[in-house]
$ cat structure24.txt   # compact mmCIF, C-alpha atoms
# COMPACT_ATOMS: atom_id res chain seq x y z
CA MET A 266 0.00 0.00 0.00
CA LYS A 267 2.86 2.39 0.80
CA VAL A 268 4.49 1.66 -2.55
CA LEU A 269 1.22 2.30 -4.38
CA LEU A 270 0.68 5.53 -2.48
CA LEU A 271 4.18 6.82 -3.20
CA THR A 272 3.90 5.83 -6.84
CA GLY A 273 0.58 7.63 -7.13
CA LEU A 274 1.97 10.77 -5.51
CA GLY A 275 4.93 10.71 -7.88
CA ALA A 276 2.68 10.30 -10.89
CA LEU A 277 0.51 13.19 -9.71
CA PHE A 278 3.52 15.45 -9.25
CA PHE A 279 4.81 14.55 -12.72
CA ALA A 280 1.42 15.09 -14.35
CA TYR A 281 0.88 18.40 -12.57
CA TYR A 282 4.16 19.97 -13.63
CA TRP A 283 4.46 18.42 -17.08
CA ASP A 284 4.04 20.79 -20.01
CA ASP A 285 0.46 20.51 -21.29
CA ASN A 286 1.31 22.03 -24.69
CA PHE A 287 -1.16 24.87 -24.19
CA ASP A 288 -1.06 27.26 -27.15
CA PRO A 289 -2.81 30.57 -26.37
CA ALA A 290 -3.01 31.36 -30.08
CA SER A 291 -5.42 28.43 -30.52
CA LEU A 292 -8.12 30.50 -28.83
CA GLN A 293 -7.70 33.50 -31.11
CA GLY A 294 -11.05 33.87 -32.89
CA ALA A 295 -12.61 30.87 -31.12
CA ARG A 296 -16.39 31.08 -30.69
CA VAL A 297 -17.26 30.54 -27.03
CA LEU A 298 -20.59 30.26 -25.23
CA LEU A 299 -20.01 30.70 -21.48
CA THR A 300 -22.71 30.28 -18.85
CA GLY A 301 -22.60 31.68 -15.32
CA ALA A 302 -20.40 34.54 -16.51
CA ASN A 303 -21.47 37.20 -14.04
CA ALA A 304 -19.18 36.48 -11.07
CA GLY A 305 -16.39 34.36 -9.60
CA VAL A 306 -14.76 31.77 -11.82
CA GLY A 307 -17.23 32.50 -14.64
CA GLU A 308 -16.32 36.17 -14.74
CA GLU A 309 -12.61 35.33 -14.75
CA LEU A 310 -13.17 32.81 -17.54
CA ALA A 311 -14.77 35.56 -19.60
CA TYR A 312 -11.80 37.87 -19.02
CA HIS A 313 -9.23 35.20 -19.92
CA TYR A 314 -11.06 34.32 -23.14
CA ALA A 315 -11.30 38.03 -23.97
CA ARG A 316 -7.56 38.54 -23.51
CA LEU A 317 -6.93 35.57 -25.79
CA GLY A 318 -9.07 37.09 -28.54
CA SER A 319 -12.09 34.79 -28.46
CA HIS A 320 -15.58 35.73 -29.63
CA LEU A 321 -17.96 35.49 -26.66
CA VAL A 322 -21.59 34.95 -25.83
CA LEU A 323 -22.09 35.33 -22.08
CA THR A 324 -25.12 34.40 -20.06
CA ALA A 325 -26.21 34.52 -16.44
CA HIS A 326 -29.38 34.76 -14.40
CA THR A 327 -31.34 37.98 -14.99
CA GLU A 328 -31.01 39.18 -11.40
CA ALA A 329 -27.30 38.43 -11.38
CA LEU A 330 -26.80 40.54 -14.49
CA LEU A 331 -28.83 43.38 -13.01
CA GLN A 332 -26.62 43.42 -9.93
CA LYS A 333 -23.84 44.74 -12.14
CA GLN A 334 -23.79 48.45 -12.80
CA VAL A 335 -26.07 49.17 -15.76
CA ARG A 336 -25.81 52.60 -17.31
CA TRP A 337 -27.55 54.59 -19.99
CA ARG A 338 -26.04 57.27 -22.15
CA GLY A 339 -25.23 59.87 -19.54
CA LYS A 340 -27.72 58.46 -17.01
CA ARG A 341 -28.03 55.63 -14.54
CA CYS A 342 -31.07 53.42 -14.34
CA CYS A 343 -31.72 50.70 -11.77
CA ARG A 344 -34.59 49.00 -13.63
CA GLY A 345 -33.62 49.53 -17.25
CA GLU A 346 -36.60 51.81 -17.87
CA ALA A 347 -35.56 54.91 -19.80
CA HIS A 348 -35.07 56.24 -23.26
CA GLY A 349 -32.00 55.36 -25.28
CA GLN A 350 -30.03 52.13 -25.71
CA LEU A 351 -29.18 49.90 -22.76
CA TRP A 352 -25.49 49.48 -22.22
CA PRO A 353 -24.24 45.95 -21.50
CA PRO A 354 -23.33 44.67 -18.04
CA GLN A 355 -19.97 45.54 -16.60
CA VAL A 356 -18.50 42.12 -17.43
CA VAL A 357 -19.31 42.58 -21.12
CA GLY A 358 -17.75 46.03 -21.19
CA ASN A 359 -14.61 44.73 -19.49
CA CYS A 360 -14.32 41.91 -22.03
CA ARG A 361 -14.45 44.41 -24.87
CA LYS A 362 -11.72 46.48 -23.23
CA LEU A 363 -9.58 43.37 -22.81
CA GLY A 364 -9.68 42.65 -26.55
CA ALA A 365 -12.57 40.32 -27.32
CA PRO A 366 -13.51 40.95 -30.99
CA LYS A 367 -17.20 40.20 -30.36
CA VAL A 368 -19.08 40.04 -27.06
CA PHE A 369 -22.81 39.40 -26.69
CA TYR A 370 -24.87 38.63 -23.62
CA ILE A 371 -28.26 37.14 -22.91
CA ALA A 372 -30.00 36.95 -19.55
CA ALA A 373 -31.35 33.45 -18.82
CA ASP A 374 -32.75 31.65 -15.81
CA MET A 375 -31.61 28.04 -16.13
CA ALA A 376 -34.40 26.97 -13.77
CA SER A 377 -36.70 27.54 -16.75
CA PRO A 378 -36.84 24.51 -19.09
CA GLU A 379 -37.10 26.84 -22.11
CA ALA A 380 -33.98 28.90 -21.33
CA PRO A 381 -31.17 26.53 -22.46
CA GLU A 382 -32.37 26.15 -26.05
CA SER A 383 -32.92 29.91 -26.34
CA VAL A 384 -29.39 30.61 -25.10
CA VAL A 385 -27.73 28.24 -27.58
CA GLN A 386 -29.84 29.51 -30.47
CA PHE A 387 -28.87 33.08 -29.57
CA ALA A 388 -25.18 32.11 -29.61
CA LEU A 389 -25.50 30.32 -32.95
CA ASP A 390 -27.27 33.33 -34.46
CA LYS A 391 -24.65 35.79 -33.18
CA LEU A 392 -21.48 33.76 -33.78
CA GLY A 393 -22.50 31.50 -36.65
CA GLY A 394 -21.44 28.40 -34.75
CA LEU A 395 -19.58 27.26 -31.64
CA ASP A 396 -16.07 26.01 -30.93
CA TYR A 397 -16.45 25.89 -27.15
CA LEU A 398 -19.44 25.37 -24.88
CA VAL A 399 -18.31 26.20 -21.34
CA LEU A 400 -20.90 25.15 -18.75
CA ASN A 401 -20.23 26.97 -15.52
CA HIS A 402 -23.52 28.09 -13.96
CA ILE A 403 -24.56 26.84 -10.53
CA GLY A 404 -27.56 27.17 -8.26
CA GLY A 405 -27.96 26.65 -4.54
CA ALA A 406 -31.26 25.85 -2.86
CA PRO A 407 -33.84 28.54 -3.72
CA ALA A 408 -34.90 30.96 -1.01
CA GLY A 409 -37.61 29.70 1.30
CA THR A 410 -36.87 25.97 0.90
CA ARG A 411 -34.98 23.52 3.06
CA ALA A 412 -31.78 22.22 1.48
CA ARG A 413 -33.03 18.63 1.31
CA SER A 414 -36.69 19.20 0.49
CA PRO A 415 -38.16 17.65 -2.71
CA GLN A 416 -38.84 21.16 -4.04
CA ALA A 417 -35.22 22.22 -3.56
CA THR A 418 -33.96 18.98 -5.08
CA ARG A 419 -36.08 19.40 -8.23
CA TRP A 420 -34.90 22.97 -8.61
CA LEU A 421 -31.26 22.02 -8.08
CA MET A 422 -31.44 19.17 -10.57
CA GLN A 423 -32.94 21.45 -13.24
CA VAL A 424 -30.33 24.18 -12.80
CA ASN A 425 -27.24 22.07 -12.05
CA PHE A 426 -27.91 19.03 -14.24
CA VAL A 427 -30.89 19.08 -16.63
CA SER A 428 -30.01 22.49 -18.08
CA TYR A 429 -26.46 21.22 -18.75
CA VAL A 430 -27.94 18.32 -20.70
CA GLN A 431 -30.25 20.65 -22.64
CA LEU A 432 -27.47 23.07 -23.54
CA THR A 433 -25.23 20.22 -24.64
CA SER A 434 -27.91 18.56 -26.75
CA ARG A 435 -28.67 21.80 -28.60
CA ALA A 436 -25.02 22.78 -29.11
CA LEU A 437 -23.63 19.35 -30.04
CA PRO A 438 -24.37 19.52 -33.79
CA SER A 439 -22.43 22.78 -34.10
CA LEU A 440 -19.58 21.47 -31.95
CA THR A 441 -19.46 18.36 -34.12
CA ASP A 442 -19.10 20.49 -37.25
CA SER A 443 -16.30 22.55 -35.71
CA LYS A 444 -14.62 19.61 -33.93
CA GLY A 445 -15.05 21.68 -30.81
CA SER A 446 -14.98 21.17 -27.07
CA LEU A 447 -17.39 20.81 -24.17
CA VAL A 448 -15.94 22.20 -20.94
CA VAL A 449 -17.94 21.29 -17.84
CA VAL A 450 -17.13 23.09 -14.60
CA SER A 451 -18.12 20.73 -11.81
CA SER A 452 -17.12 20.16 -8.19
CA LEU A 453 -15.33 17.74 -5.91
CA LEU A 454 -18.83 16.95 -4.61
CA GLY A 455 -19.45 15.22 -7.94
CA ARG A 456 -16.64 12.75 -7.22
CA VAL A 457 -16.45 12.45 -3.44
CA PRO A 458 -19.77 12.51 -1.53
CA THR A 459 -19.80 14.46 1.68
CA SER A 460 -22.28 15.37 4.38
CA PHE A 461 -24.89 18.13 4.28
CA SER A 462 -24.86 18.63 0.49
CA THR A 463 -27.19 15.81 -0.57
CA PRO A 464 -29.16 17.26 -3.54
CA TYR A 465 -26.30 19.42 -4.80
CA SER A 466 -23.90 16.47 -4.68
CA ALA A 467 -26.48 14.31 -6.47
CA ALA A 468 -26.66 16.84 -9.32
CA LYS A 469 -22.86 16.94 -9.63
CA PHE A 470 -22.61 13.13 -9.61
CA ALA A 471 -25.22 13.10 -12.37
CA LEU A 472 -23.05 15.47 -14.41
CA ASP A 473 -20.06 13.19 -14.04
CA GLY A 474 -22.07 10.15 -15.11
CA PHE A 475 -23.74 11.87 -18.04
CA PHE A 476 -20.64 13.42 -19.56
CA GLY A 477 -18.52 10.33 -18.87
CA SER A 478 -21.04 8.23 -20.79
CA LEU A 479 -21.36 10.85 -23.55
CA ARG A 480 -17.58 10.86 -24.03
CA ARG A 481 -17.66 7.12 -24.68
CA GLU A 482 -20.59 7.44 -27.08
CA LEU A 483 -18.78 10.11 -29.08
CA ASP A 484 -15.66 7.95 -29.22
CA VAL A 485 -17.64 4.96 -30.49
CA GLN A 486 -19.34 7.12 -33.12
CA ASP A 487 -15.99 8.67 -34.12
CA VAL A 488 -17.26 12.18 -33.30
CA ASN A 489 -14.35 14.53 -32.67
CA VAL A 490 -15.79 16.59 -29.80
CA ALA A 491 -13.65 16.79 -26.65
CA ILE A 492 -15.20 16.74 -23.16
CA THR A 493 -13.22 18.26 -20.29
CA MET A 494 -14.57 17.72 -16.78
CA CYS A 495 -13.26 20.31 -14.32
CA VAL A 496 -13.27 19.47 -10.62
CA LEU A 497 -13.00 22.71 -8.66
CA GLY A 498 -13.19 23.63 -5.01
CA LEU A 499 -15.57 26.09 -3.40
CA ARG A 500 -16.49 28.78 -5.90
CA ASP A 501 -14.99 32.21 -5.29
CA ARG A 502 -18.30 34.05 -5.46
CA ALA A 503 -20.56 35.71 -2.91
CA SER A 504 -23.55 33.39 -3.34
CA ALA A 505 -21.49 30.24 -2.88
CA ALA A 506 -19.57 31.61 0.10
CA GLU A 507 -22.72 32.80 1.84
CA ALA A 508 -24.42 29.42 1.39
CA VAL A 509 -21.71 27.60 3.34
CA ARG A 510 -20.76 30.32 5.80
CA GLY A 511 -20.06 28.70 9.17
CA VAL A 512 -20.46 25.19 7.71
CA THR A 513 -17.15 24.60 5.96
CA ARG A 514 -13.63 25.63 6.80
CA VAL A 515 -12.51 25.33 3.19
CA LYS A 516 -11.39 28.55 1.52
CA ALA A 517 -12.77 29.52 -1.87
CA ALA A 518 -10.58 28.75 -4.88
CA PRO A 519 -9.02 31.90 -6.38
CA GLY A 520 -11.10 32.79 -9.44
CA PRO A 521 -8.31 33.82 -11.86
CA LYS A 522 -6.11 30.78 -11.21
CA ALA A 523 -8.99 28.30 -11.30
CA ALA A 524 -10.30 29.90 -14.50
CA LEU A 525 -6.92 29.66 -16.20
CA ALA A 526 -6.70 25.97 -15.27
CA VAL A 527 -10.13 25.41 -16.85
CA ILE A 528 -9.15 27.25 -20.04
CA ARG A 529 -5.87 25.37 -20.40
CA GLY A 530 -7.66 22.06 -19.93
CA GLY A 531 -10.32 22.89 -22.49
CA ALA A 532 -7.85 24.21 -25.06
CA THR A 533 -5.64 21.11 -24.78
CA ARG A 534 -8.72 18.83 -24.88
CA ALA A 535 -7.79 17.26 -21.55
CA ALA A 536 -10.20 14.71 -20.11
CA GLY A 537 -10.05 16.26 -16.64
CA VAL A 538 -8.90 19.33 -14.72
CA PHE A 539 -8.43 19.40 -10.94
CA TYR A 540 -8.03 22.66 -9.05
CA PRO A 541 -6.49 22.71 -6.56
CA TRP A 542 -4.39 19.78 -7.71
CA ARG A 543 -4.80 17.83 -4.45
CA PHE A 544 -8.37 17.07 -5.50
CA ARG A 545 -7.00 14.54 -7.96
CA LEU A 546 -5.42 12.70 -5.07
CA LEU A 547 -8.66 12.81 -3.07
CA CYS A 548 -10.53 11.24 -5.97
CA LEU A 549 -7.93 8.49 -6.27
CA LEU A 550 -8.07 7.78 -2.54
CA ARG A 551 -11.86 7.68 -2.44
CA ARG A 552 -12.06 3.88 -2.58
CA TRP A 553 -8.58 3.02 -1.41
CA LEU A 554 -8.72 4.69 2.01
CA PRO A 555 -12.33 5.39 3.02
CA ARG A 556 -11.65 6.03 6.71
CA PRO A 557 -8.86 8.61 6.24
CA ARG A 558 -11.01 10.25 3.58
CA ALA A 559 -13.90 10.58 6.05
CA TRP A 560 -11.50 11.92 8.65
CA PHE A 561 -10.16 14.46 6.17
CA ILE A 562 -13.66 15.70 5.28
CA ARG A 563 -14.57 16.07 8.96
CA GLN A 564 -11.59 18.38 9.41
CA GLU A 565 -13.04 20.74 6.79
CA LEU A 566 -16.58 20.81 8.22
CA ASN A 567 -18.09 22.54 11.20
CA VAL A 568 -20.36 19.56 11.83
CA THR A 569 -22.55 21.30 14.41
CA ALA A 570 -23.34 24.20 12.10
CA ALA A 571 -23.83 21.91 9.10
CA ALA A 572 -26.32 19.70 10.91
CA ALA A 573 -28.42 22.74 11.78
CA ALA A 574 -28.47 24.00 8.19
$ encode --input "structure24.txt" --output "structure tokens"
Amino acid sequence: MKVLLLTGLGALFFAYYWDDNFDPASLQGARVLLTGANAGVGEELAYHYARLGSHLVLTAHTEALLQKQVRWRGKRCCRGEAHGQLWPPQVVGNCRKLGAPKVFYIAADMASPEAPESVVQFALDKLGGLDYLVLNHIGGAPAGTRARSPQATRWLMQVNFVSYVQLTSRALPSLTDSKGSLVVVSSLLGRVPTSFSTPYSAAKFALDGFFGSLRRELDVQDVNVAITMCVLGLRDRASAAEAVRGVTRVKAAPGPKAALAVIRGGATRAAGVFYPWRFRLLCLLRRWLPRPRAWFIRQELNVTAAAAA
């Protein structure tokens, strides 16, 4: 067991520091649809793609977009009710300043079954096709529901799983034509189950199963579309941090660094991305050492606070 563990650690170290042949120029002019682009890792993904010269369609929940500063020509408006042309959210303006040739945005609530198809159709109309579909949006339990209630679970599954399937299904023909890439931003909770995150973890496990199976189907059918599953830590965004305040001791992953890891993985068509890198080790140890894994998770939870959530 010690030999296996040391060998695994050595392999992880080698894989982590080995050149991944990332070519930034490969993203120049790439057509990217990015969901959950209003904050945290999603916002940083948008900025990285913009710096690299990609064409962007960004989407986020309506309320999230409206939380950004929205301005009119010479005037401010909190509800978007005035004369003149509405300026885009702050993220869109920043992407343009950073060098993105084209940037479009569309507000969409992924809890609505009709939203995913509308978003992809909008992107196809604006960009003429897709090279990258980057699925990054997340949803916690809606206000007024208990975290493990059937209502919360249905809502979570629609936002965090079913909408991913809908977006993928609609975008896959275009990605097939362009020999493009699906980049799925997931979580360690989709690989290693933990306490007090039952419906959210179920949605993330469903993502892992769906896209793992889809990758095999595409291989069998000789369809050249890459799927990159990204296992990230706690999102560096206000909504995610507030949801687990007092429950977990884990610090949020830095948005810029995590975003760059996701972009490198997608551009090199890697099967998986782990950030921070120790998550790869945790996934490997999941079945090998169940008791130390449980001990490790307990160290990162305030169990009393979590049980009361």
$ closest_residue --input "structure24.txt" --among "A:Gly537, A:Pro521, A:Gly404, A:Gly318" --to "Gly305 (chain A)" --atoms "only C-alpha atoms"
A:Pro521
$ atom_distance --input "structure24.txt" --atom1 "CA of Glu308 (chain A)" --atom2 "CA of Ser428 (chain A)"
19.6 Å
$ closest_residue --input "structure24.txt" --among "A:Ala468, A:Ile492, A:Leu440, A:Val448" --to "Leu389 (chain A)" --atoms "all atoms listed in the file"
A:Leu440
$ residues_near_point --input "structure24.txt" --point "(-12.0, 21.2, -29.0)" --cutoff "10 Å" --atoms "all atoms listed in the file" --output "VMD selection string"
chain A and resid 291 295 396 to 398 440 to 441 443 to 448 489 to 493 531 to 535
$ closest_residue --input "structure24.txt" --among "A:Leu479, A:Val427, A:Ala417, A:Leu298" --to "Pro464 (chain A)" --atoms "all atoms listed in the file"
A:Ala417
$ closest_residue --input "structure24.txt" --among "A:Ser452, A:Tyr465, A:Ala372, A:Phe476" --to "Phe539 (chain A)" --atoms "all atoms listed in the file"
A:Ser452
$ closest_residue --input "structure24.txt" --among "A:Ala471, A:Leu292, A:Cys360, A:Val450" --to "Leu421 (chain A)" --atoms "all atoms listed in the file"
A:Ala471
$ closest_residue --input "structure24.txt" --among "A:Met494, A:Leu432, A:Val356, A:Val424" --to "Gln386 (chain A)" --atoms "only C-alpha atoms"
A:Leu432
$ residues_around --input "structure24.txt" --residues "Gly474 (chain A)" --least-positions-apart "3" --cutoff "12 Å" --atoms "all atoms listed in the file" --output "list in words"
Phe426, Val430, Ser451, Gly455, Arg456, Ala467, Ala468, Lys469, Phe470, Ala471, Gly477, Ser478, Leu479, Arg480, Arg481 and Met494 of chain A
$ atom_distance --input "structure24.txt" --atom1 "CA of Ala315 (chain A)" --atom2 "CA of Gln431 (chain A)"
25.7 Å
$ atom_distance --input "structure24.txt" --atom1 "CA of Tyr370 (chain A)" --atom2 "CA of Thr324 (chain A)"
5.5 Å
